[in-house]
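Asker: Sharing coords-v4.cif below, mmCIF, C-alpha atoms:
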```
data_entry
#
loop_
_atom_site.label_atom_id
_atom_site.label_comp_id
_atom_site.auth_asym_id
_atom_site.auth_seq_id
_atom_site.Cartn_x
_atom_site.Cartn_y
_atom_site.Cartn_z
CA MET A 1 -94.10 -118.92 -44.78
CA GLY A 2 -91.02 -120.28 -46.56
CA SER A 3 -91.86 -123.87 -45.65
CA LEU A 4 -95.51 -123.39 -46.67
CA LEU A 5 -94.51 -121.90 -50.00
CA SER A 6 -92.08 -124.76 -50.62
CA LEU A 7 -94.94 -127.18 -50.01
CA LEU A 8 -97.51 -125.37 -52.17
CA LEU A 9 -95.34 -124.62 -55.19
CA PRO A 10 -94.77 -128.24 -56.36
CA PHE A 11 -98.54 -128.83 -56.36
CA PHE A 12 -99.22 -125.78 -58.51
CA ALA A 13 -96.15 -126.55 -60.64
CA LEU A 14 -97.79 -129.86 -61.62
CA VAL A 15 -100.97 -127.97 -62.54
CA LEU A 16 -98.90 -125.59 -64.69
CA ILE A 17 -97.11 -128.49 -66.39
CA GLY A 18 -100.46 -130.03 -67.34
CA TRP A 19 -101.70 -126.68 -68.61
CA VAL A 20 -98.60 -126.14 -70.76
CA ALA A 21 -98.73 -129.71 -72.11
CA ALA A 22 -102.31 -129.21 -73.28
CA ARG A 23 -101.76 -125.69 -74.64
CA LYS A 24 -98.68 -126.76 -76.61
CA GLY A 25 -100.38 -129.84 -78.03
CA LEU A 26 -98.05 -132.29 -76.27
CA LEU A 27 -101.17 -133.76 -74.68
CA PRO A 28 -103.91 -134.15 -77.32
CA VAL A 29 -107.24 -132.68 -76.29
CA GLU A 30 -108.85 -136.04 -77.02
CA GLY A 31 -106.63 -137.66 -74.40
CA ILE A 32 -107.73 -135.43 -71.51
CA GLY A 33 -110.96 -137.35 -71.10
CA ALA A 34 -109.05 -140.61 -70.72
CA LEU A 35 -106.84 -139.01 -68.06
CA MET A 36 -109.94 -137.89 -66.18
CA VAL A 37 -111.36 -141.41 -66.26
CA PHE A 38 -108.12 -142.75 -64.78
CA VAL A 39 -108.02 -140.10 -62.05
CA LEU A 40 -111.69 -140.23 -61.04
CA TYR A 41 -112.52 -143.92 -61.44
CA PHE A 42 -109.19 -145.45 -60.48
CA ALA A 43 -106.52 -143.29 -58.77
CA LEU A 44 -108.61 -140.99 -56.55
CA SER A 45 -111.24 -143.67 -55.97
CA ALA A 46 -108.55 -146.11 -54.81
CA LEU A 47 -107.10 -143.44 -52.51
CA LEU A 48 -110.48 -142.64 -50.95
CA PHE A 49 -111.40 -146.31 -50.58
CA ARG A 50 -108.19 -147.03 -48.66
CA LEU A 51 -108.70 -143.95 -46.48
CA GLY A 52 -112.22 -145.10 -45.67
CA ALA A 53 -111.26 -148.73 -45.07
CA GLY A 54 -108.41 -147.61 -42.81
CA GLY A 55 -110.69 -145.44 -40.67
CA ARG A 56 -109.18 -142.12 -41.79
CA LEU A 57 -112.49 -140.75 -43.06
CA GLN A 58 -114.28 -141.53 -39.81
CA ALA A 59 -111.79 -139.64 -37.64
CA GLY A 60 -113.57 -137.22 -35.30
CA PRO A 61 -117.13 -135.79 -35.39
CA VAL A 62 -117.70 -133.97 -38.68
CA TRP A 63 -121.43 -133.18 -38.60
CA GLY A 64 -120.96 -129.76 -37.02
CA LEU A 65 -118.22 -128.96 -39.52
CA LEU A 66 -120.42 -130.11 -42.40
CA ALA A 67 -123.31 -127.95 -41.18
CA VAL A 68 -121.04 -124.89 -41.09
CA TYR A 69 -119.60 -125.73 -44.50
CA ALA A 70 -123.03 -126.39 -46.04
CA LEU A 71 -124.52 -123.13 -44.78
CA SER A 72 -121.50 -121.17 -45.99
CA SER A 73 -121.70 -122.83 -49.40
CA ALA A 74 -125.40 -121.99 -49.63
CA VAL A 75 -124.71 -118.31 -48.89
CA VAL A 76 -121.95 -118.18 -51.52
CA THR A 77 -124.16 -119.96 -54.09
CA VAL A 78 -127.00 -117.49 -53.58
CA ALA A 79 -124.56 -114.57 -53.78
CA GLY A 80 -123.20 -116.02 -57.03
CA LEU A 81 -126.72 -116.29 -58.43
CA VAL A 82 -127.53 -112.70 -57.48
CA TRP A 83 -124.32 -111.47 -59.14
CA SER A 84 -125.01 -113.52 -62.29
CA VAL A 85 -128.62 -112.41 -62.66
CA ARG A 86 -127.69 -108.76 -62.17
CA TYR A 87 -125.18 -109.15 -64.96
CA GLY A 88 -128.05 -110.22 -67.19
CA MET A 89 -126.93 -113.81 -67.68
CA ASN A 90 -129.38 -116.45 -68.80
CA ARG A 91 -130.43 -119.18 -66.40
CA ARG A 92 -127.84 -121.73 -67.57
CA ASP A 93 -124.91 -119.33 -67.30
CA ALA A 94 -126.10 -117.97 -63.95
CA GLY A 95 -126.47 -121.44 -62.47
CA MET A 96 -123.01 -122.51 -63.58
CA ALA A 97 -121.42 -119.23 -62.44
CA ALA A 98 -122.97 -119.67 -58.99
CA LEU A 99 -121.75 -123.26 -58.85
CA VAL A 100 -118.18 -122.39 -59.84
CA ALA A 101 -118.09 -119.70 -57.13
CA ALA A 102 -118.98 -122.23 -54.40
CA PHE A 103 -117.52 -125.56 -55.59
CA PRO A 104 -113.85 -125.97 -54.57
CA ASN A 105 -111.44 -128.32 -56.29
CA THR A 106 -111.36 -130.78 -53.40
CA GLY A 107 -110.82 -133.98 -55.36
CA PHE A 108 -108.09 -132.98 -57.78
CA LEU A 109 -106.26 -130.48 -55.54
CA GLY A 110 -107.62 -130.34 -52.00
CA LEU A 111 -107.11 -133.90 -50.79
CA PRO A 112 -103.45 -134.21 -51.79
CA LEU A 113 -102.59 -130.62 -50.86
CA LEU A 114 -104.34 -130.38 -47.50
CA THR A 115 -103.34 -133.83 -46.25
CA GLY A 116 -99.76 -132.88 -47.11
CA LEU A 117 -100.16 -129.57 -45.30
CA LEU A 118 -102.13 -130.62 -42.22
CA GLY A 119 -101.35 -134.33 -42.01
CA PRO A 120 -103.48 -137.45 -42.59
CA GLY A 121 -105.99 -136.41 -39.93
CA ALA A 122 -107.33 -133.76 -42.33
CA ALA A 123 -108.48 -136.40 -44.82
CA GLY A 124 -111.80 -137.04 -43.05
CA PRO A 125 -113.07 -133.44 -42.79
CA VAL A 126 -111.79 -132.51 -46.27
CA ALA A 127 -113.29 -135.58 -47.96
CA ALA A 128 -116.56 -135.02 -46.10
CA THR A 129 -116.96 -131.62 -47.77
CA LEU A 130 -117.36 -133.50 -51.06
CA LEU A 131 -120.75 -134.65 -49.78
CA VAL A 132 -121.93 -131.04 -49.57
CA ASP A 133 -120.31 -129.98 -52.84
CA VAL A 134 -121.59 -132.87 -54.96
CA ILE A 135 -124.89 -133.81 -53.33
CA LEU A 136 -126.16 -130.39 -52.26
CA THR A 137 -124.46 -127.50 -54.08
CA CYS A 138 -124.06 -129.13 -57.48
CA SER A 139 -127.48 -130.82 -57.41
CA CYS A 140 -129.28 -127.62 -56.43
CA CYS A 141 -127.56 -125.52 -59.11
CA VAL A 142 -128.29 -128.07 -61.85
CA ALA A 143 -131.88 -128.45 -60.63
CA TRP A 144 -132.29 -124.64 -60.67
CA ILE A 145 -131.13 -124.59 -64.30
CA HIS A 146 -133.46 -127.40 -65.38
CA ALA A 147 -136.43 -126.05 -63.44
CA GLY A 148 -136.31 -122.94 -65.62
CA ALA A 149 -135.90 -124.83 -68.87
CA GLU A 150 -138.21 -124.22 -71.79
CA GLY A 151 -141.57 -125.80 -71.15
CA GLY A 152 -141.50 -125.12 -67.41
CA GLY A 153 -139.69 -127.92 -65.66
CA ASP A 154 -140.74 -129.32 -62.29
CA ALA A 155 -138.27 -128.10 -59.67
CA LEU A 156 -138.64 -131.17 -57.44
CA ALA A 157 -138.29 -133.56 -60.37
CA SER A 158 -135.18 -131.68 -61.50
CA LEU A 159 -133.71 -131.90 -58.00
CA ARG A 160 -134.39 -135.63 -57.77
CA ALA A 161 -132.73 -136.21 -61.14
CA SER A 162 -129.73 -134.13 -60.09
CA LEU A 163 -129.40 -136.05 -56.81
CA ARG A 164 -129.49 -139.37 -58.65
CA GLY A 165 -126.68 -138.16 -60.87
CA ALA A 166 -124.67 -136.95 -57.86
CA LEU A 167 -124.94 -140.33 -56.15
CA ARG A 168 -123.28 -141.93 -59.18
CA ASN A 169 -120.13 -139.89 -58.53
CA PRO A 170 -117.27 -142.44 -58.32
CA LEU A 171 -115.53 -140.57 -55.49
CA LEU A 172 -118.61 -140.69 -53.27
CA GLN A 173 -119.12 -144.36 -54.08
CA ALA A 174 -115.48 -145.16 -53.25
CA MET A 175 -115.77 -143.30 -49.94
CA ALA A 176 -118.97 -145.16 -49.05
CA ALA A 177 -117.48 -148.54 -49.98
CA GLY A 178 -114.32 -147.89 -47.96
CA ILE A 179 -116.20 -146.67 -44.87
CA THR A 180 -118.52 -149.68 -45.06
CA CYS A 181 -115.58 -152.05 -45.38
CA GLY A 182 -113.86 -150.48 -42.35
CA ALA A 183 -117.04 -150.40 -40.24
CA LEU A 184 -117.70 -154.09 -40.88
CA GLY A 185 -114.11 -155.00 -40.06
CA TRP A 186 -113.44 -156.54 -43.45
CA VAL A 187 -109.77 -156.97 -44.30
CA VAL A 188 -108.81 -156.24 -47.89
CA PRO A 189 -106.64 -159.07 -49.28
CA THR A 190 -102.99 -158.02 -49.53
CA PRO A 191 -102.68 -158.25 -53.36
CA VAL A 192 -105.83 -156.13 -53.76
CA ASP A 193 -104.68 -153.63 -51.14
CA ASP A 194 -101.25 -153.35 -52.79
CA THR A 195 -102.91 -152.67 -56.15
CA LEU A 196 -105.12 -149.99 -54.61
CA ARG A 197 -102.11 -148.48 -52.84
CA LEU A 198 -100.20 -148.17 -56.15
CA LEU A 199 -103.22 -146.56 -57.78
CA GLY A 200 -103.60 -144.18 -54.84
CA GLN A 201 -99.95 -143.15 -55.07
CA ALA A 202 -100.60 -142.06 -58.66
CA ALA A 203 -103.58 -139.93 -57.62
CA THR A 204 -101.73 -136.75 -56.63
CA PRO A 205 -99.50 -136.19 -59.70
CA ALA A 206 -102.11 -137.49 -62.14
CA ALA A 207 -104.90 -135.37 -60.65
CA LEU A 208 -102.86 -132.17 -60.61
CA PHE A 209 -101.51 -132.68 -64.14
CA THR A 210 -105.03 -133.43 -65.37
CA LEU A 211 -106.38 -130.35 -63.61
CA GLY A 212 -103.99 -128.15 -65.58
CA ALA A 213 -104.98 -129.87 -68.81
CA ILE A 214 -108.70 -129.43 -68.08
CA VAL A 215 -108.24 -125.69 -67.45
CA ALA A 216 -106.29 -125.38 -70.70
CA ARG A 217 -108.91 -127.32 -72.66
CA ALA A 218 -111.72 -125.14 -71.32
CA GLN A 219 -109.86 -122.04 -72.55
CA MET A 220 -109.42 -123.28 -76.10
CA PRO A 221 -111.40 -121.23 -78.66
CA ALA A 222 -113.42 -124.17 -79.98
CA ARG A 223 -114.72 -124.87 -76.48
CA ALA A 224 -114.74 -121.45 -74.86
CA GLN A 225 -117.01 -119.03 -76.68
CA PRO A 226 -117.77 -116.08 -74.38
CA SER A 227 -121.28 -114.72 -74.62
CA ALA A 228 -121.91 -111.07 -75.38
CA ARG A 229 -123.00 -110.52 -71.78
CA ALA A 230 -120.00 -112.23 -70.17
CA PRO A 231 -118.18 -109.87 -67.80
CA ARG A 232 -114.66 -108.69 -68.47
CA LEU A 233 -111.76 -109.49 -66.16
CA SER A 234 -112.66 -106.71 -63.71
CA GLY A 235 -116.17 -108.11 -63.46
CA LEU A 236 -114.81 -111.52 -62.52
CA LEU A 237 -113.47 -110.12 -59.25
CA ILE A 238 -116.84 -110.88 -57.65
CA PRO A 239 -116.95 -114.67 -58.27
CA VAL A 240 -113.17 -114.97 -57.70
CA SER A 241 -113.51 -113.15 -54.37
CA LEU A 242 -116.52 -115.26 -53.41
CA LYS A 243 -114.49 -118.41 -53.95
CA LEU A 244 -111.12 -117.44 -52.48
CA ALA A 245 -112.09 -114.98 -49.73
CA VAL A 246 -115.79 -114.97 -48.83
CA HIS A 247 -116.34 -118.74 -48.75
CA PRO A 248 -113.48 -119.55 -46.34
CA ALA A 249 -114.24 -116.43 -44.24
CA LEU A 250 -117.83 -117.62 -43.77
CA VAL A 251 -116.72 -121.14 -42.80
CA TRP A 252 -114.18 -119.82 -40.31
CA GLY A 253 -116.53 -117.20 -38.84
CA MET A 254 -119.48 -119.58 -38.45
CA GLY A 255 -117.22 -122.25 -36.99
CA ARG A 256 -115.81 -119.84 -34.43
CA ALA A 257 -119.34 -118.72 -33.55
CA LEU A 258 -120.39 -122.32 -32.91
CA GLN A 259 -117.31 -122.90 -30.77
CA ALA A 260 -118.13 -119.78 -28.76
CA MET A 261 -121.61 -121.21 -28.14
CA GLY A 262 -120.04 -124.37 -26.74
CA HIS A 263 -120.32 -126.68 -29.75
CA PRO A 264 -117.35 -129.10 -29.73
CA LEU A 265 -115.88 -128.39 -33.16
CA SER A 266 -112.41 -129.83 -33.73
CA GLU A 267 -109.83 -127.07 -34.17
CA MET A 268 -107.90 -129.01 -36.79
CA GLY A 269 -111.15 -129.96 -38.52
CA LEU A 270 -112.27 -126.34 -38.70
CA VAL A 271 -108.90 -125.32 -40.17
CA ALA A 272 -109.18 -128.17 -42.70
CA VAL A 273 -112.68 -127.27 -43.95
CA THR A 274 -111.78 -123.55 -44.01
CA LEU A 275 -108.80 -124.28 -46.26
CA ALA A 276 -111.00 -126.60 -48.34
CA ALA A 277 -113.38 -123.66 -48.88
CA ALA A 278 -110.36 -121.50 -49.86
CA LEU A 279 -109.41 -123.86 -52.70
CA PRO A 280 -109.83 -122.67 -56.31
CA ALA A 281 -112.95 -123.51 -58.28
CA ALA A 282 -113.37 -127.11 -59.43
CA ALA A 283 -112.19 -127.59 -63.00
CA ASN A 284 -114.85 -130.18 -63.79
CA VAL A 285 -117.52 -127.44 -63.59
CA SER A 286 -116.36 -126.39 -67.06
CA MET A 287 -117.33 -129.82 -68.42
CA LEU A 288 -120.67 -129.66 -66.64
CA ALA A 289 -121.21 -126.20 -68.14
CA GLU A 290 -120.45 -127.61 -71.59
CA ARG A 291 -122.95 -130.42 -71.05
CA GLU A 292 -125.62 -127.96 -69.90
CA GLY A 293 -125.00 -125.61 -72.83
CA ALA A 294 -123.71 -122.78 -70.63
CA ASP A 295 -120.93 -120.30 -71.39
CA THR A 296 -117.78 -122.41 -70.94
CA GLY A 297 -115.58 -119.40 -71.69
CA LEU A 298 -116.90 -117.56 -68.64
CA ILE A 299 -116.57 -120.62 -66.40
CA ALA A 300 -113.05 -121.34 -67.67
CA ARG A 301 -111.90 -117.79 -66.87
CA ILE A 302 -113.24 -118.03 -63.31
CA ILE A 303 -111.50 -121.39 -62.85
CA LEU A 304 -108.26 -120.01 -64.28
CA TRP A 305 -108.20 -116.89 -62.10
CA THR A 306 -109.18 -118.71 -58.91
CA THR A 307 -106.48 -121.32 -59.58
CA ALA A 308 -103.82 -118.66 -60.20
CA GLY A 309 -104.94 -116.47 -57.31
CA SER A 310 -105.13 -119.33 -54.83
CA VAL A 311 -101.34 -119.63 -54.76
CA LEU A 312 -101.29 -116.37 -52.80
CA THR A 313 -104.63 -116.57 -51.01
CA LEU A 314 -103.92 -120.03 -49.60
CA LEU A 315 -100.69 -118.67 -48.13
CA GLY A 316 -102.70 -115.82 -46.65
CA TRP A 317 -105.28 -118.13 -45.13
CA CYS A 318 -102.53 -120.34 -43.69
CA ALA A 319 -101.11 -117.24 -41.99
CA VAL A 320 -104.54 -116.21 -40.65
CA LEU A 321 -105.28 -119.72 -39.37
CA GLY A 322 -101.86 -120.15 -37.80
CA VAL A 323 -100.73 -123.02 -40.05
CA LYS A 324 -96.99 -122.71 -39.78
CA GLN A 325 -95.51 -125.75 -41.50
CA ALA A 326 -96.32 -129.03 -43.14
CA VAL A 327 -96.95 -131.97 -40.87
#
```
The structure in this file should be written as C-alpha cells.
Answerer:
Amino acid sequence: MGSLLSLLLPFFALVLIGWVAARKGLLPVEGIGALMVFVLYFALSALLFRLGAGGRLQAGPVWGLLAVYALSSAVVTVAGLVWSVRYGMNRRDAGMAALVAAFPNTGFLGLPLLTGLLGPGAAGPVAATLLVDVILTCSCCVAWIHAGAEGGGDALASLRASLRGALRNPLLQAMAAGITCGALGWVVPTPVDDTLRLLGQAATPAALFTLGAIVARAQMPARAQPSARAPRLSGLLIPVSLKLAVHPALVWGMGRALQAMGHPLSEMGLVAVTLAAALPAAANVSMLAEREGADTGLIARIILWTTAGSVLTLLGWCAVLGVKQAV
C-alpha cells in the first residue's frame, strides 16, 4: 500500500495545484480554455497517436473487455437517470447527472495514472474505454436530453447528431490515426516523432494541472448556480457511489462471470478496465453541462467529491484486485 500511495499522491497533488492556482487567481479563468486546447488537441493527442502507431493500443483482444465495460456503463447510466428523476430534476440536469456518474476521467487522469500503475500494456484497454465513454455513453445522454427538448425532438435524429459530435473528439481521431499508421506499417519521420514525443511528455502534468483548474472553475459562483432541487451533500452519495464503487464492481463482476464461462478475458486487461471504471468523474462534463444549460453547480460538486474520494477508493480497489506495486 505504501508504494501505491506514493505513486498516486503525486498525480492528485498536481490536480490540487491546478485547483489552488485557479481558485487563488494565479491562473486566470480565461486561460483555462487555452490549457484545455493544448492538452486535448496537442499533448494527449500526440501521446495517443504514438501509442497507436507503436502498436500499444492494439495489444491483446479488447472486445470482450469493451462489452463488459459498455454494459456496466449502461447500467450505471440508467441508475443515474432513475436517481435524478426521482429527485425531481429536469431533463437536462438528469441527463448530465447520469453522464457524470458513468463517465470516468480517462483522458486527463486515467491514461497517465494507470499506465504508471500497471505498465504500458494497460494503455490499450484503458484507451479503448474512451470509445464507450465518448461514442456510446455521452452520445446517448446528450441525445436523451435533446429528444425531450421543447417542441418534441426526434430521438434518432438527436442520437445521430450526438454521434457526429463524438466522432469529432480529438482523442478518438488521434487514436484512429495512430492505429491506422501502425497497421499500414508507416514510419513516422524522426523529427515529427521527436516533436510528438515532446508533446506527449507534457501530457501528464498539463492534463492533471488542467483538471484541477477545470474543477475549480466549475465551482466558481458565476458558473455554478445550484438549482432549488439540487441535492445536498448527503444526497450526492448516490452518484458518487455509482461512480467510485458500483461502476468498477459491475465491470469486475461481469468480467469474472465471463471468465468463468470460458471467455478468454485478459487478467491484466480486466484489472485495467476495472480501475478505469473506478476513476473519478470526467471534469469536462461540467463544460458540457454548461453548454446544454444544465445545473453546473450540481455537476461540479459530483466531480469534486468523486475526485477527492477516489484517492482512497482507488487504493481500495488496488487492494481488492491484488495490484501491489507500480510496474
Asker: Nearest residue to Trp63 of chain A out of A:Leu131, A:Leu27, A:Leu111, A:Leu81, using all atoms listed in the file?
Answerer: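 Selected residue with least distance to Trp63 of chain A: A:Leu131.
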Asker: Using only C-alpha atoms, what does the table of segment 83-202 of chain A residues within 12 Å of segment 309-312 of chain A look like, with each row giving the shortest atom pair and its distance in Å to one decimal, sorted by chain and ascending number, as a tab-separated table?
Answerer:
```
residue	atom	partner	partner_atom	distance
A:Pro104	CA	A:Ser310	CA	11.0
A:Asn105	CA	A:Ser310	CA	11.1
A:Leu109	CA	A:Ser310	CA	11.2
A:Gly110	CA	A:Ser310	CA	11.6
A:Leu113	CA	A:Val311	CA	11.7
```
Asker: Quick one, how far is atom CA of Arg86 of chain A from atom CA of Val240 of chain A?
Answerer: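 So the two atoms, atom CA of Arg86 of chain A and atom CA of Val240 of chain A, lie 16.4 Å apart.
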Asker: Considering only C-alpha atoms, state which residue in the set A:Ala216, A:Leu265, A:Val100, A:Val192 is at the smallest distance from Cys141 of chain A.
Answerer: A:Val100
Asker: With only C-alpha atoms as the counted atoms, please give the residues lying no more than 12 Å from Gly33 of chain A, apart from itself and same-chain residues fewer than 3 positions off, as a PyMOL selection string.
Answerer: chain A and resi 27-30+36-41+210-211+213-214+217+284+287
Asker: Just C-alpha atoms for this one: save the residues we selected as an mmCIF file, in the coordinates of the input.
Answerer:
```cif
data_model
loop_
_atom_site.group_PDB
_atom_site.id
_atom_site.type_symbol
_atom_site.label_atom_id
_atom_site.label_comp_id
_atom_site.auth_asym_id
_atom_site.auth_seq_id
_atom_site.Cartn_x
_atom_site.Cartn_y
_atom_site.Cartn_z
ATOM 1 C CA LEU A 27 -101.170 -133.760 -74.680
ATOM 2 C CA PRO A 28 -103.910 -134.150 -77.320
ATOM 3 C CA VAL A 29 -107.240 -132.680 -76.290
ATOM 4 C CA GLU A 30 -108.850 -136.040 -77.020
ATOM 5 C CA MET A 36 -109.940 -137.890 -66.180
ATOM 6 C CA VAL A 37 -111.360 -141.410 -66.260
ATOM 7 C CA PHE A 38 -108.120 -142.750 -64.780
ATOM 8 C CA VAL A 39 -108.020 -140.100 -62.050
ATOM 9 C CA LEU A 40 -111.690 -140.230 -61.040
ATOM 10 C CA TYR A 41 -112.520 -143.920 -61.440
ATOM 11 C CA THR A 210 -105.030 -133.430 -65.370
ATOM 12 C CA LEU A 211 -106.380 -130.350 -63.610
ATOM 13 C CA ALA A 213 -104.980 -129.870 -68.810
ATOM 14 C CA ILE A 214 -108.700 -129.430 -68.080
ATOM 15 C CA ARG A 217 -108.910 -127.320 -72.660
ATOM 16 C CA ASN A 284 -114.850 -130.180 -63.790
ATOM 17 C CA MET A 287 -117.330 -129.820 -68.420
#
```
Asker: Apply the PyMOL selection byres ((chain A and resi 274-279) around 9) to the structure shown and report the selected residues as a PyMOL selection string.
Answerer: chain A and resi 69+72-73+102-106+109-111+114+126+129+243-252+255+269-273+280-282+306-307+310+313-314+317-318+321
Asker: Can you spell out as a PyMOL selection string the set of residues that the PyMOL selection byres ((chain A and resi 139) around 9) selects in the structure I just provided?
Answerer: chain A and resi 133-138+140-144+158-166
Asker: Check the smallest atom-to-atom distance from each of A:Leu167, A:Ala147, A:Leu47, A:Leu14 to Leu198 of chain A using all atoms listed in the file, then report the winner.
Answerer: A:Leu47
Asker: Which is closer to Val68 of chain A than all the others in A:Gln259, A:Val323, A:Ile303, A:Val188, using only C-alpha atoms?
Answerer: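 Smallest separation from Val68 of chain A among the options: A:Gln259.
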Asker: Applying the PyMOL selection byres ((chain A and resi 83) around 9) to the file I just gave you, which residues come out? Please list them as a list in words.
Answerer: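 That expression, the PyMOL selection byres ((chain A and resi 83) around 9), corresponds here to Val78, Ala79, Gly80, Leu81, Val82, Ser84, Val85, Arg86, Tyr87, Gly88, Ala94, Ala97, Ala98, Ile238 and Pro239 of chain A.
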Asker: Let's have the selection written as a PDB file, keeping the file's coordinate frame, with C-alpha atoms.
Answerer:
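Contents of the output file again.pdb:
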```pdb
ATOM      1  CA  VAL A  78    -127.000-117.490 -53.580  1.00  0.00           C
ATOM      2  CA  ALA A  79    -124.560-114.570 -53.780  1.00  0.00           C
ATOM      3  CA  GLY A  80    -123.200-116.020 -57.030  1.00  0.00           C
ATOM      4  CA  LEU A  81    -126.720-116.290 -58.430  1.00  0.00           C
ATOM      5  CA  VAL A  82    -127.530-112.700 -57.480  1.00  0.00           C
ATOM      6  CA  SER A  84    -125.010-113.520 -62.290  1.00  0.00           C
ATOM      7  CA  VAL A  85    -128.620-112.410 -62.660  1.00  0.00           C
ATOM      8  CA  ARG A  86    -127.690-108.760 -62.170  1.00  0.00           C
ATOM      9  CA  TYR A  87    -125.180-109.150 -64.960  1.00  0.00           C
ATOM     10  CA  GLY A  88    -128.050-110.220 -67.190  1.00  0.00           C
ATOM     11  CA  ALA A  94    -126.100-117.970 -63.950  1.00  0.00           C
ATOM     12  CA  ALA A  97    -121.420-119.230 -62.440  1.00  0.00           C
ATOM     13  CA  ALA A  98    -122.970-119.670 -58.990  1.00  0.00           C
ATOM     14  CA  ILE A 238    -116.840-110.880 -57.650  1.00  0.00           C
ATOM     15  CA  PRO A 239    -116.950-114.670 -58.270  1.00  0.00           C
TER      16      PRO A 239
END
```
Asker: Kindly give the distance, in Å, that separates atom CA of Ser241 of chain A and atom CA of Val320 of chain A, rounded to a single decimal.
Answerer: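 Between these atoms lies a distance of 16.7 Å.
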Asker: Select all residues near (-100.7, -137.6, -58.1) (cut-off 10 Å, inclusive, file coordinates), counting all atoms listed in the file, and output them as an MDAnalysis selection string.
Answerer: chainID A and resid 11 14 39 43:44 108:109 112 199:210
Asker: Mind pulling up the distance from atom CA of Arg50 of chain A to atom CA of Val187 of chain A?
Answerer: 11.0 Å
Asker: Need to verify the contact set: Leu48 of chain A, 8 Å, only C-alpha atoms, exclusion of same-chain residues closer than 3 positions in sequence. Can you return it as a PyMOL selection string?
Answerer: chain A and resi 44-45+51-52+171+174-175+178
Asker: For Gly64 of chain A, which residue out of A:Pro264, A:Gly31, A:Gly235, A:Pro191 is the nearest one, using all atoms listed in the file?
Answerer: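 Result for the nearest residue to Gly64 of chain A: A:Pro264.
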